[in-house]
$ cat protein37.tsv   # TSV, C-alpha atoms
chain	number	residue	atom	x	y	z
A	28	MET	CA	-28.58	36.49	29.10
A	29	SER	CA	-31.08	33.80	30.09
A	30	GLN	CA	-32.91	33.53	26.80
A	31	LEU	CA	-32.02	33.52	23.12
A	32	THR	CA	-34.46	35.11	20.69
A	33	ARG	CA	-34.41	34.26	16.98
A	34	ILE	CA	-36.54	36.55	14.81
A	35	ARG	CA	-37.31	35.72	11.19
A	36	PRO	CA	-39.54	37.89	9.00
A	37	GLY	CA	-42.98	36.39	8.87
A	38	HIS	CA	-42.25	33.84	11.57
A	39	PRO	CA	-43.20	33.82	15.23
A	40	VAL	CA	-40.56	34.45	17.85
A	41	ARG	CA	-38.96	31.24	19.18
A	42	ARG	CA	-37.34	31.19	22.58
A	43	PHE	CA	-34.75	28.63	23.75
A	44	SER	CA	-33.93	27.94	27.36
A	45	PRO	CA	-30.29	27.53	28.48
A	46	LEU	CA	-30.92	23.78	28.94
A	47	CYS	CA	-32.21	23.49	25.40
A	48	LEU	CA	-29.17	25.34	24.10
A	49	LEU	CA	-26.85	22.90	25.90
A	50	LEU	CA	-28.71	19.96	24.39
A	51	LEU	CA	-28.48	21.48	20.92
A	52	ALA	CA	-24.75	22.04	21.38
A	53	ALA	CA	-24.26	18.45	22.49
A	54	VAL	CA	-26.15	17.12	19.48
A	55	SER	CA	-24.17	19.38	17.17
A	56	SER	CA	-20.86	18.22	18.70
A	57	ALA	CA	-21.88	14.60	18.37
A	58	ALA	CA	-22.76	15.13	14.73
A	59	VAL	CA	-19.37	16.70	14.05
A	60	ALA	CA	-17.58	13.85	15.85
A	61	GLN	CA	-19.56	11.30	13.91
A	62	ALA	CA	-18.80	13.05	10.64
A	63	ALA	CA	-15.10	12.94	11.49
A	64	ASP	CA	-15.12	9.16	11.89
A	65	GLN	CA	-16.65	7.91	8.70
A	66	GLY	CA	-15.69	6.92	5.21
A	67	SER	CA	-16.07	4.23	2.60
A	68	TRP	CA	-15.19	0.53	2.73
A	69	ARG	CA	-14.48	-2.38	0.40
A	70	ILE	CA	-14.23	-6.06	1.17
A	71	TYR	CA	-12.99	-9.08	-0.72
A	72	TYR	CA	-13.57	-12.58	0.59
A	73	GLU	CA	-10.79	-15.13	0.08
A	74	PRO	CA	-12.32	-18.56	0.83
A	75	SER	CA	-9.06	-20.47	0.35
A	76	ARG	CA	-7.45	-18.44	3.13
A	77	GLU	CA	-10.58	-18.07	5.25
A	78	ARG	CA	-9.95	-14.36	5.29
A	79	VAL	CA	-11.75	-11.16	4.39
A	80	GLN	CA	-9.60	-8.32	3.10
A	81	LEU	CA	-11.14	-5.14	4.48
A	82	THR	CA	-10.16	-1.74	3.06
A	83	PHE	CA	-11.04	1.62	4.60
A	84	GLU	CA	-10.92	5.02	2.99
A	85	HIS	CA	-11.59	7.46	5.79
A	86	TYR	CA	-12.62	11.09	5.85
A	87	GLU	CA	-12.60	14.01	8.23
A	88	ASN	CA	-15.11	16.83	7.81
A	89	GLY	CA	-15.77	15.64	4.28
A	90	ALA	CA	-12.11	15.53	3.24
A	91	ARG	CA	-10.01	12.43	2.75
A	92	ARG	CA	-7.46	11.82	5.48
A	93	HIS	CA	-4.51	9.43	5.59
A	94	GLY	CA	-5.47	7.63	2.38
A	95	THR	CA	-6.54	4.02	2.72
A	96	THR	CA	-6.01	1.35	5.33
A	97	SER	CA	-6.31	-2.33	4.46
A	98	PHE	CA	-5.96	-5.50	6.51
A	99	GLY	CA	-7.32	-9.01	6.74
A	100	VAL	CA	-9.86	-10.23	9.27
A	101	ARG	CA	-11.47	-13.59	9.97
A	102	PRO	CA	-15.01	-13.83	8.58
A	103	THR	CA	-16.33	-14.47	12.10
A	104	GLU	CA	-15.12	-11.03	13.20
A	105	LEU	CA	-17.73	-9.35	11.00
A	106	ARG	CA	-20.87	-9.40	13.10
A	107	GLY	CA	-24.13	-9.65	11.21
A	108	LEU	CA	-22.44	-10.94	8.06
A	109	PRO	CA	-22.78	-14.74	7.86
A	110	LEU	CA	-20.49	-16.80	5.70
A	111	SER	CA	-23.34	-17.56	3.31
A	112	GLN	CA	-23.67	-13.86	2.49
A	113	LEU	CA	-19.94	-13.47	1.99
A	114	SER	CA	-19.65	-16.32	-0.48
A	115	SER	CA	-22.70	-16.08	-2.75
A	116	TYR	CA	-25.12	-13.34	-1.66
A	117	SER	CA	-25.90	-10.27	-3.75
A	118	GLY	CA	-27.76	-7.37	-2.20
A	119	PRO	CA	-27.72	-4.82	0.66
A	120	ALA	CA	-25.81	-5.62	3.83
A	121	ARG	CA	-25.23	-4.23	7.30
A	122	PHE	CA	-22.57	-5.55	9.65
A	123	GLN	CA	-20.11	-4.51	12.36
A	124	LEU	CA	-16.49	-4.87	13.34
A	125	VAL	CA	-16.22	-4.57	17.13
A	126	ARG	CA	-12.97	-3.44	18.72
A	127	ASP	CA	-12.14	-2.52	22.30
A	128	ALA	CA	-11.88	1.14	21.29
A	129	GLY	CA	-15.25	1.16	19.52
A	130	THR	CA	-17.41	-0.31	16.80
A	131	PHE	CA	-17.23	0.15	13.04
A	132	ASN	CA	-20.70	0.07	11.50
A	133	PHE	CA	-20.86	-0.86	7.82
A	134	GLU	CA	-23.67	-0.38	5.34
A	135	GLY	CA	-23.54	-1.10	1.63
A	136	GLN	CA	-23.84	-3.73	-1.06
A	137	LEU	CA	-22.42	-7.23	-1.49
A	138	ARG	CA	-22.00	-9.29	-4.61
A	139	ASP	CA	-20.36	-12.72	-4.76
A	140	GLY	CA	-17.68	-12.14	-2.15
A	141	HIS	CA	-17.09	-8.47	-2.97
A	142	GLY	CA	-18.64	-5.47	-1.28
A	143	THR	CA	-18.55	-1.72	-0.92
A	144	GLY	CA	-20.31	1.00	1.02
A	145	PHE	CA	-19.90	3.48	3.85
A	146	PHE	CA	-18.93	3.10	7.51
A	147	THR	CA	-19.17	5.09	10.72
A	148	PHE	CA	-17.19	4.63	13.93
A	149	SER	CA	-18.88	4.61	17.35
A	150	PRO	CA	-16.26	5.00	20.09
A	151	ASP	CA	-16.68	2.93	23.24
A	152	SER	CA	-17.16	5.31	26.17
A	153	ARG	CA	-15.42	2.88	28.54
A	154	PHE	CA	-12.18	2.77	26.57
A	155	PRO	CA	-10.54	5.99	27.86
A	156	GLN	CA	-11.07	4.96	31.48
A	157	GLN	CA	-9.71	1.49	30.81
A	158	LEU	CA	-6.55	3.04	29.37
A	159	ALA	CA	-6.26	5.36	32.35
A	160	SER	CA	-6.58	2.42	34.75
A	161	ARG	CA	-3.56	0.86	33.00
A	162	GLY	CA	-1.47	4.00	33.43
A	163	TYR	CA	-2.02	5.58	30.00
A	164	GLU	CA	-3.32	9.05	29.24
A	165	ARG	CA	-6.85	9.23	27.95
A	166	PRO	CA	-6.92	9.15	24.15
A	167	THR	CA	-8.34	11.93	22.04
A	168	SER	CA	-11.28	11.04	19.81
A	169	ASP	CA	-8.91	10.91	16.84
A	170	GLN	CA	-6.50	8.59	18.67
A	171	GLN	CA	-9.37	6.36	19.73
A	172	PHE	CA	-10.47	6.03	16.11
A	173	TRP	CA	-7.00	4.90	15.00
A	174	LEU	CA	-6.57	2.56	17.95
A	175	GLY	CA	-9.88	0.99	17.02
A	176	LEU	CA	-9.01	0.76	13.34
A	177	HIS	CA	-5.74	-1.05	14.06
A	178	ASP	CA	-7.13	-3.16	16.90
A	179	VAL	CA	-4.90	-1.80	19.63
A	180	GLY	CA	-6.92	-3.08	22.56
A	181	TYR	CA	-6.72	-4.34	26.10
A	182	ALA	CA	-5.01	-7.62	25.25
A	183	MET	CA	-2.19	-5.77	23.50
A	184	LEU	CA	-1.71	-3.38	26.43
A	185	ASP	CA	-1.66	-6.28	28.86
A	186	GLU	CA	0.85	-8.14	26.68
A	187	LEU	CA	3.14	-5.10	26.64
A	188	ARG	CA	3.14	-5.14	30.42
A	189	ALA	CA	3.56	-8.92	30.64
A	190	GLN	CA	6.60	-8.82	28.32
A	191	GLY	CA	8.21	-5.98	30.28
A	192	TYR	CA	7.95	-3.27	27.66
A	193	GLU	CA	8.42	0.35	28.58
A	194	ARG	CA	4.97	1.90	28.66
A	195	PRO	CA	4.49	3.86	25.40
A	196	SER	CA	2.43	7.00	24.98
A	197	VAL	CA	-0.95	6.78	23.30
A	198	ASP	CA	0.59	8.38	20.22
A	199	GLN	CA	3.17	5.59	20.17
A	200	LEU	CA	0.38	3.02	20.45
A	201	VAL	CA	-1.20	4.55	17.36
A	202	VAL	CA	2.12	4.36	15.50
A	203	MET	CA	2.52	0.73	16.55
A	204	GLY	CA	-0.91	-0.09	15.19
A	205	MET	CA	-0.33	1.72	11.92
A	206	HIS	CA	2.95	-0.15	11.35
A	207	GLY	CA	1.58	-3.57	12.23
A	208	ALA	CA	3.63	-3.88	15.43
A	209	ASN	CA	0.57	-5.33	17.12
A	210	LEU	CA	-0.37	-8.10	19.52
A	211	ASP	CA	0.11	-10.86	16.96
A	212	TYR	CA	3.54	-9.54	15.99
A	213	MET	CA	4.69	-9.29	19.61
A	214	LYS	CA	3.53	-12.83	20.31
A	215	SER	CA	5.17	-14.15	17.14
A	216	LEU	CA	8.54	-12.73	18.18
A	217	SER	CA	8.06	-14.07	21.69
A	218	THR	CA	7.34	-17.52	20.27
A	219	ALA	CA	10.58	-17.25	18.29
A	220	GLY	CA	12.43	-16.46	21.53
A	221	TYR	CA	12.61	-12.67	21.36
A	222	ARG	CA	11.18	-10.09	23.75
A	223	VAL	CA	12.14	-6.70	22.41
A	224	GLY	CA	11.20	-4.55	25.41
A	225	ASN	CA	11.12	-1.27	23.50
A	226	THR	CA	8.21	-0.26	21.30
A	227	HIS	CA	10.33	1.94	19.02
A	228	ARG	CA	12.56	-1.05	18.29
A	229	LEU	CA	9.53	-3.27	17.79
A	230	VAL	CA	8.19	-0.91	15.11
A	231	THR	CA	11.60	-0.78	13.43
A	232	LEU	CA	11.86	-4.57	13.32
A	233	ARG	CA	8.36	-4.81	11.88
A	234	ASP	CA	9.11	-2.17	9.24
A	235	HIS	CA	12.27	-4.00	8.21
A	236	GLY	CA	10.47	-7.30	7.79
A	237	VAL	CA	11.93	-9.24	10.72
A	238	SER	CA	9.13	-11.77	11.07
A	239	ARG	CA	8.70	-15.11	12.79
A	240	GLU	CA	8.89	-16.76	9.36
A	241	PHE	CA	12.19	-15.01	8.62
A	242	ILE	CA	13.64	-16.01	11.99
A	243	GLY	CA	12.39	-19.55	11.57
A	244	GLY	CA	13.97	-19.82	8.14
A	245	LEU	CA	17.32	-18.71	9.51
A	246	THR	CA	17.00	-21.18	12.37
A	247	ASP	CA	16.32	-24.01	9.93
A	248	ALA	CA	19.42	-22.92	8.00
A	249	GLY	CA	21.50	-23.30	11.17
A	250	TYR	CA	21.57	-19.67	12.32
A	251	ARG	CA	20.16	-19.78	15.83
A	252	ASN	CA	20.11	-17.32	18.71
A	253	LEU	CA	21.06	-14.34	16.57
A	254	SER	CA	20.84	-10.90	18.12
A	255	LEU	CA	18.13	-8.49	17.08
A	256	ASP	CA	20.83	-6.36	15.43
A	257	ASP	CA	21.99	-9.37	13.40
A	258	LEU	CA	18.45	-10.22	12.37
A	259	GLN	CA	17.73	-6.69	11.21
A	260	GLU	CA	21.03	-6.36	9.36
A	261	LEU	CA	20.58	-9.67	7.54
A	262	ARG	CA	17.03	-8.72	6.57
A	263	ASP	CA	18.07	-5.24	5.42
A	264	HIS	CA	20.79	-6.65	3.18
A	265	GLY	CA	18.60	-9.33	1.66
A	266	VAL	CA	20.27	-12.32	3.30
A	267	THR	CA	17.26	-14.60	3.25
A	268	PRO	CA	16.99	-18.33	3.90
A	269	ASP	CA	16.68	-18.78	0.13
A	270	PHE	CA	19.93	-16.89	-0.43
A	271	ILE	CA	21.70	-19.06	2.14
A	272	ALA	CA	20.32	-22.18	0.47
A	273	SER	CA	21.53	-21.00	-2.95
A	274	LEU	CA	25.10	-20.68	-1.66
A	275	ARG	CA	24.89	-24.04	0.07
A	276	ARG	CA	24.06	-25.71	-3.22
A	277	PHE	CA	27.60	-24.80	-4.36
A	278	GLY	CA	29.16	-26.17	-1.17
A	279	PHE	CA	29.37	-22.90	0.72
A	280	SER	CA	28.05	-23.92	4.13
A	281	GLY	CA	28.84	-22.96	7.71
A	282	LEU	CA	29.33	-19.34	6.69
A	283	THR	CA	29.43	-16.59	9.28
A	284	THR	CA	26.92	-13.77	9.12
A	285	ASP	CA	29.74	-11.45	7.99
A	286	GLN	CA	30.54	-13.78	5.08
A	287	LEU	CA	26.88	-13.94	4.12
A	288	LEU	CA	26.59	-10.16	4.21
A	289	ALA	CA	29.76	-9.71	2.14
A	290	ALA	CA	28.52	-12.15	-0.50
A	291	ARG	CA	25.10	-10.52	-0.69
A	292	ASP	CA	26.40	-6.95	-0.68
A	293	HIS	CA	28.89	-7.67	-3.46
A	294	GLY	CA	26.29	-9.35	-5.62
A	295	VAL	CA	27.50	-12.93	-5.45
A	296	THR	CA	24.30	-14.45	-6.74
A	297	GLU	CA	23.46	-18.02	-7.66
A	298	SER	CA	23.63	-17.22	-11.38
A	299	PHE	CA	27.02	-15.46	-10.96
A	300	VAL	CA	28.55	-18.52	-9.30
A	301	GLU	CA	26.88	-20.93	-11.72
A	302	ASP	CA	28.15	-19.09	-14.79
A	303	PHE	CA	31.75	-19.28	-13.53
A	304	ARG	CA	31.31	-22.94	-12.66
A	305	ASP	CA	30.11	-23.59	-16.21
A	306	LEU	CA	33.30	-21.97	-17.51
A	307	GLY	CA	35.37	-24.43	-15.46
A	308	TYR	CA	36.02	-22.44	-12.31
A	309	THR	CA	34.91	-25.21	-9.97
A	310	ASN	CA	37.33	-24.78	-7.07
A	311	LEU	CA	36.91	-21.14	-6.21
A	312	SER	CA	36.24	-20.05	-2.66
A	313	LEU	CA	33.43	-17.69	-1.71
A	314	ARG	CA	36.10	-15.06	-1.09
A	315	ASP	CA	37.28	-15.51	-4.70
A	316	PHE	CA	33.77	-14.85	-5.98
A	317	VAL	CA	33.49	-11.75	-3.79
A	318	ARG	CA	36.80	-10.42	-5.18
A	319	LEU	CA	35.77	-11.14	-8.78
A	320	ARG	CA	32.48	-9.33	-8.28
A	321	ASP	CA	34.15	-6.46	-6.49
A	322	HIS	CA	36.57	-5.88	-9.35
A	323	GLY	CA	33.90	-6.12	-12.03
A	324	VAL	CA	35.07	-9.43	-13.46
A	325	THR	CA	32.03	-10.86	-15.19
A	326	PRO	CA	31.57	-14.36	-16.61
A	327	GLY	CA	31.52	-12.75	-20.05
A	328	PHE	CA	34.93	-11.16	-19.45
A	329	ALA	CA	36.36	-14.49	-18.28
A	330	ARG	CA	34.90	-16.23	-21.32
A	331	GLN	CA	36.56	-13.75	-23.70
A	332	LEU	CA	39.96	-14.27	-22.07
A	333	ARG	CA	39.59	-18.04	-22.22
A	334	SER	CA	38.71	-17.83	-25.91
A	335	SER	CA	41.67	-15.61	-26.73
A	336	SER	CA	44.24	-17.53	-24.65
A	337	GLY	CA	42.85	-21.02	-25.08
A	338	ARG	CA	42.95	-21.71	-21.35
A	339	LEU	CA	41.36	-20.75	-18.05
A	340	VAL	CA	42.87	-17.59	-16.68
A	341	SER	CA	43.59	-17.58	-12.94
A	342	VAL	CA	41.56	-15.43	-10.58
A	343	GLU	CA	44.56	-13.17	-9.99
A	344	ASP	CA	45.06	-12.69	-13.74
A	345	LEU	CA	41.36	-12.04	-14.27
A	346	ILE	CA	41.41	-9.31	-11.63
A	347	ARG	CA	44.70	-7.81	-12.85
A	348	ARG	CA	43.54	-7.68	-16.47
A	349	ARG	CA	40.12	-6.28	-15.53
A	350	ASP	CA	41.70	-3.57	-13.38
A	351	ARG	CA	44.05	-2.78	-16.29
A	352	GLY	CA	41.10	-2.40	-18.62
A	353	ASP	CA	41.81	-5.36	-20.90
A	354	TYR	CA	38.97	-6.62	-23.03
$ encode --input "protein37.tsv" --output "C-alpha cells"
Amino acid sequence: MSQLTRIRPGHPVRRFSPLCLLLLAAVSSAAVAQAADQGSWRIYYEPSRERVQLTFEHYENGARRHGTTSFGVRPTELRGLPLSQLSSYSGPARFQLVRDAGTFNFEGQLRDGHGTGFFTFSPDSRFPQQLASRGYERPTSDQQFWLGLHDVGYAMLDELRAQGYERPSVDQLVVMGMHGANLDYMKSLSTAGYRVGNTHRLVTLRDHGVSREFIGGLTDAGYRNLSLDDLQELRDHGVTPDFIASLRRFGFSGLTTDQLLAARDHGVTESFVEDFRDLGYTNLSLRDFVRLRDHGVTPGFARQLRSSSGRLVSVEDLIRRRDRGDY
C-alpha cells in the first residue's frame, strides 16, 4: 500500500507518503530513546574538597530504574556552570557533563551550592564505532547510557590494553563502571605496583576495598610486595594499618600475615590486650591472647579469679577454669 489514509469525522482526509511515514517513525523512535535516558539530578558543592557531588535518579519509560547513582566530579567538568554560580548563585541553571559515550544535559535550579532538576542523555553517535575499532562489540543504547554515566571512555579502554588486560565484553565494562573499577582505580593499583590483568578480579578487589591507600598503609607498616590474594584476605578480615599499629603499641611487631589474621579473627583488640595488661598480665605473647580469646576468657573473668585467690592466675589456669565453667 503506497498511501495511508486517516479519516476523522468532520475532518478532511490526510494522506501521508511512505517517506513521511519513515520520518514520523524516526522521530517517534528518537522520542522514545530520549525518554528512556532521562531522570532527575541533585548536586552539592563541597568547596573544601573542590568537588561537586552529583546524584542521578534515572527513569525508563516513566518508571524508576536502578535507583540512584552518585559520584563526585571536579567543578570544571560541569560545562556552563561557573564556580561563581556553584558557590553563591540562586536561580535557574543549565549545564552539561560531557563523556565519551555522550552528553548529560542538566536543567534546574541552584541555591547556594545546592541544586536539583532534570537531565537528559544525548548519546555520541561516534562512540559505537570507536568501540568497534578497538575490538569491542557495539553497545546497545542502554549500555551506552551506563558507560556514559560511569565515564567508561576511550582512555579507560586504552589503559586496559596498555596494562595487558583480557578484553572484557561491553556488559563487563558496564559492570566495571558501576562498581568503580574505573580508569582511576586501575591507575592507582598500577602506581602501587599491581597490574591485575583480569577485569573480574579488578571488580572484586574494588568491591572488597583494596585501594591504593590501603596498600600504602600496609607498605608503611612494613608489609611490602604482598600478593593480591593476601591483600584481599587482609582487607576482608579487617586487618588494617590501624589494627597493625594498635598491636605494635604493645610490642607485637614483625608479625606474619597469618598471625595478624589469627589475632583479628579471634577478636584480639587493643582494649582486650590493654585490660589484661592493666590486671598485671604484662608478659603475655600474642598467641596467649589468641588462646584466651578463643576460650572465652575475658578480663572480667580474670579479675574475679584474682580477687578470689589474691594472686594472678596463670594463662593455663585461666583457660582450664573457664573451660570447666568456673565463675
$ residues_around --input "protein37.tsv" --residues "Phe328 (chain A)" --least-positions-apart "3" --cutoff "9 Å" --atoms "all atoms listed in the file" --output "PyMOL selection string"
chain A and resi 324-325+331-333+345+349+354
$ atom_distance --input "protein37.tsv" --atom1 "CA of Thr226 (chain A)" --atom2 "CA of Pro166 (chain A)"
18.0 Å
$ axis_aligned_box --input "protein37.tsv" --around "region 218-232 of chain A" --padding-each-side "3 Å" --output "AutoDock Vina command-line options"
--center_x 10.0 --center_y -7.8 --center_z 19.4 --size_x 11.3 --size_y 25.5 --size_z 18.1
$ closest_residue --input "protein37.tsv" --among "A:Arg228, A:His322, A:Arg239, A:Arg275" --to "Val300 (chain A)" --atoms "all atoms listed in the file"
A:Arg275
$ closest_residue --input "protein37.tsv" --among "A:Val202, A:Ala248, A:Tyr181, A:Thr95" --to "Gln157 (chain A)" --atoms "all atoms listed in the file"
A:Tyr181
$ atom_distance --input "protein37.tsv" --atom1 "CA of Ala219 (chain A)" --atom2 "CA of Glu193 (chain A)"
20.5 Å
$ closest_residue --input "protein37.tsv" --among "A:Arg347, A:Arg188, A:Arg153, A:Arg126" --to "Leu174 (chain A)" --atoms "all atoms listed in the file"
A:Arg126
$ residues_around --input "protein37.tsv" --residues "Gly107 (chain A)" --least-positions-apart "5" --cutoff "9 Å" --atoms "all atoms listed in the file" --output "mmCIF file with C-alpha atoms, in the frame of the given file"
data_model
loop_
_atom_site.group_PDB
_atom_site.id
_atom_site.type_symbol
_atom_site.label_atom_id
_atom_site.label_comp_id
_atom_site.auth_asym_id
_atom_site.auth_seq_id
_atom_site.Cartn_x
_atom_site.Cartn_y
_atom_site.Cartn_z
ATOM 1 C CA ALA A 120 -25.810 -5.620 3.830
ATOM 2 C CA ARG A 121 -25.230 -4.230 7.300
ATOM 3 C CA PHE A 122 -22.570 -5.550 9.650
ATOM 4 C CA GLN A 123 -20.110 -4.510 12.360
#
$ decode --input "protein37.tsv" --residues "region 306-316 of chain A" --atoms "all heavy atoms" --output "PDB file, in the first residue's frame"
ATOM      1  N   LEU A 306      45.556  -5.581  84.433  1.00  0.00           N
ATOM      2  CA  LEU A 306      45.426  -6.552  85.519  1.00  0.00           C
ATOM      3  C   LEU A 306      46.777  -7.091  85.982  1.00  0.00           C
ATOM      4  O   LEU A 306      46.860  -7.741  87.031  1.00  0.00           O
ATOM      5  CB  LEU A 306      44.545  -7.727  85.062  1.00  0.00           C
ATOM      6  CG  LEU A 306      43.046  -7.462  84.937  1.00  0.00           C
ATOM      7  CD1 LEU A 306      42.353  -8.659  84.282  1.00  0.00           C
ATOM      8  CD2 LEU A 306      42.445  -7.184  86.311  1.00  0.00           C
ATOM      9  N   GLY A 307      47.831  -6.841  85.179  1.00  0.00           N
ATOM     10  CA  GLY A 307      49.156  -7.326  85.544  1.00  0.00           C
ATOM     11  C   GLY A 307      49.722  -8.353  84.601  1.00  0.00           C
ATOM     12  O   GLY A 307      50.852  -8.842  84.807  1.00  0.00           O
ATOM     13  N   TYR A 308      48.982  -8.691  83.561  1.00  0.00           N
ATOM     14  CA  TYR A 308      49.467  -9.664  82.581  1.00  0.00           C
ATOM     15  C   TYR A 308      50.291  -8.915  81.522  1.00  0.00           C
ATOM     16  O   TYR A 308      49.819  -8.620  80.422  1.00  0.00           O
ATOM     17  CB  TYR A 308      48.296 -10.403  81.932  1.00  0.00           C
ATOM     18  CG  TYR A 308      47.534 -11.301  82.877  1.00  0.00           C
ATOM     19  CD1 TYR A 308      46.435 -10.817  83.584  1.00  0.00           C
ATOM     20  CD2 TYR A 308      47.918 -12.626  83.063  1.00  0.00           C
ATOM     21  CE1 TYR A 308      45.731 -11.633  84.459  1.00  0.00           C
ATOM     22  CE2 TYR A 308      47.218 -13.450  83.939  1.00  0.00           C
ATOM     23  CZ  TYR A 308      46.138 -12.949  84.632  1.00  0.00           C
ATOM     24  OH  TYR A 308      45.445 -13.772  85.507  1.00  0.00           O
ATOM     25  N   THR A 309      51.533  -8.637  81.880  1.00  0.00           N
ATOM     26  CA  THR A 309      52.363  -7.780  81.018  1.00  0.00           C
ATOM     27  C   THR A 309      53.321  -8.557  80.135  1.00  0.00           C
ATOM     28  O   THR A 309      53.975  -7.961  79.267  1.00  0.00           O
ATOM     29  CB  THR A 309      53.173  -6.806  81.887  1.00  0.00           C
ATOM     30  OG1 THR A 309      53.959  -7.556  82.832  1.00  0.00           O
ATOM     31  CG2 THR A 309      52.249  -5.855  82.632  1.00  0.00           C
ATOM     32  N   ASN A 310      53.442  -9.845  80.333  1.00  0.00           N
ATOM     33  CA  ASN A 310      54.434 -10.616  79.575  1.00  0.00           C
ATOM     34  C   ASN A 310      53.801 -11.685  78.690  1.00  0.00           C
ATOM     35  O   ASN A 310      54.458 -12.670  78.340  1.00  0.00           O
ATOM     36  CB  ASN A 310      55.438 -11.282  80.536  1.00  0.00           C
ATOM     37  CG  ASN A 310      56.246 -10.270  81.311  1.00  0.00           C
ATOM     38  OD1 ASN A 310      56.737  -9.291  80.732  1.00  0.00           O
ATOM     39  ND2 ASN A 310      56.376 -10.481  82.620  1.00  0.00           N
ATOM     40  N   LEU A 311      52.561 -11.495  78.346  1.00  0.00           N
ATOM     41  CA  LEU A 311      51.897 -12.498  77.515  1.00  0.00           C
ATOM     42  C   LEU A 311      52.266 -12.308  76.047  1.00  0.00           C
ATOM     43  O   LEU A 311      52.466 -11.187  75.571  1.00  0.00           O
ATOM     44  CB  LEU A 311      50.384 -12.401  77.668  1.00  0.00           C
ATOM     45  CG  LEU A 311      49.802 -12.627  79.067  1.00  0.00           C
ATOM     46  CD1 LEU A 311      48.276 -12.659  78.998  1.00  0.00           C
ATOM     47  CD2 LEU A 311      50.349 -13.896  79.690  1.00  0.00           C
ATOM     48  N   SER A 312      52.339 -13.411  75.342  1.00  0.00           N
ATOM     49  CA  SER A 312      52.600 -13.369  73.904  1.00  0.00           C
ATOM     50  C   SER A 312      51.281 -13.140  73.162  1.00  0.00           C
ATOM     51  O   SER A 312      50.187 -13.279  73.739  1.00  0.00           O
ATOM     52  CB  SER A 312      53.221 -14.687  73.432  1.00  0.00           C
ATOM     53  OG  SER A 312      52.271 -15.752  73.548  1.00  0.00           O
ATOM     54  N   LEU A 313      51.384 -12.800  71.885  1.00  0.00           N
ATOM     55  CA  LEU A 313      50.174 -12.643  71.090  1.00  0.00           C
ATOM     56  C   LEU A 313      49.409 -13.961  71.028  1.00  0.00           C
ATOM     57  O   LEU A 313      48.170 -13.974  71.059  1.00  0.00           O
ATOM     58  CB  LEU A 313      50.529 -12.163  69.681  1.00  0.00           C
ATOM     59  CG  LEU A 313      49.340 -11.860  68.766  1.00  0.00           C
ATOM     60  CD1 LEU A 313      48.484 -10.731  69.319  1.00  0.00           C
ATOM     61  CD2 LEU A 313      49.819 -11.516  67.352  1.00  0.00           C
ATOM     62  N   ARG A 314      50.135 -15.074  70.975  1.00  0.00           N
ATOM     63  CA  ARG A 314      49.498 -16.382  70.963  1.00  0.00           C
ATOM     64  C   ARG A 314      48.703 -16.607  72.249  1.00  0.00           C
ATOM     65  O   ARG A 314      47.612 -17.177  72.224  1.00  0.00           O
ATOM     66  CB  ARG A 314      50.560 -17.469  70.802  1.00  0.00           C
ATOM     67  CG  ARG A 314      50.037 -18.894  70.875  1.00  0.00           C
ATOM     68  CD  ARG A 314      49.025 -19.161  69.797  1.00  0.00           C
ATOM     69  NE  ARG A 314      48.474 -20.504  69.918  1.00  0.00           N
ATOM     70  CZ  ARG A 314      47.333 -20.897  69.367  1.00  0.00           C
ATOM     71  NH1 ARG A 314      46.608 -20.030  68.658  1.00  0.00           N
ATOM     72  NH2 ARG A 314      46.912 -22.129  69.505  1.00  0.00           N
ATOM     73  N   ASP A 315      49.212 -16.132  73.375  1.00  0.00           N
ATOM     74  CA  ASP A 315      48.474 -16.254  74.638  1.00  0.00           C
ATOM     75  C   ASP A 315      47.147 -15.498  74.557  1.00  0.00           C
ATOM     76  O   ASP A 315      46.101 -16.003  74.998  1.00  0.00           O
ATOM     77  CB  ASP A 315      49.305 -15.690  75.798  1.00  0.00           C
ATOM     78  CG  ASP A 315      50.478 -16.574  76.177  1.00  0.00           C
ATOM     79  OD1 ASP A 315      50.383 -17.796  75.982  1.00  0.00           O
ATOM     80  OD2 ASP A 315      51.495 -16.030  76.658  1.00  0.00           O
ATOM     81  N   PHE A 316      47.192 -14.296  73.999  1.00  0.00           N
ATOM     82  CA  PHE A 316      45.958 -13.514  73.895  1.00  0.00           C
ATOM     83  C   PHE A 316      44.951 -14.178  72.953  1.00  0.00           C
ATOM     84  O   PHE A 316      43.743 -14.147  73.205  1.00  0.00           O
ATOM     85  CB  PHE A 316      46.267 -12.097  73.417  1.00  0.00           C
ATOM     86  CG  PHE A 316      46.850 -11.220  74.491  1.00  0.00           C
ATOM     87  CD1 PHE A 316      48.174 -10.833  74.443  1.00  0.00           C
ATOM     88  CD2 PHE A 316      46.074 -10.794  75.565  1.00  0.00           C
ATOM     89  CE1 PHE A 316      48.719 -10.022  75.431  1.00  0.00           C
ATOM     90  CE2 PHE A 316      46.599  -9.990  76.566  1.00  0.00           C
ATOM     91  CZ  PHE A 316      47.938  -9.606  76.495  1.00  0.00           C
TER      92      PHE A 316
END
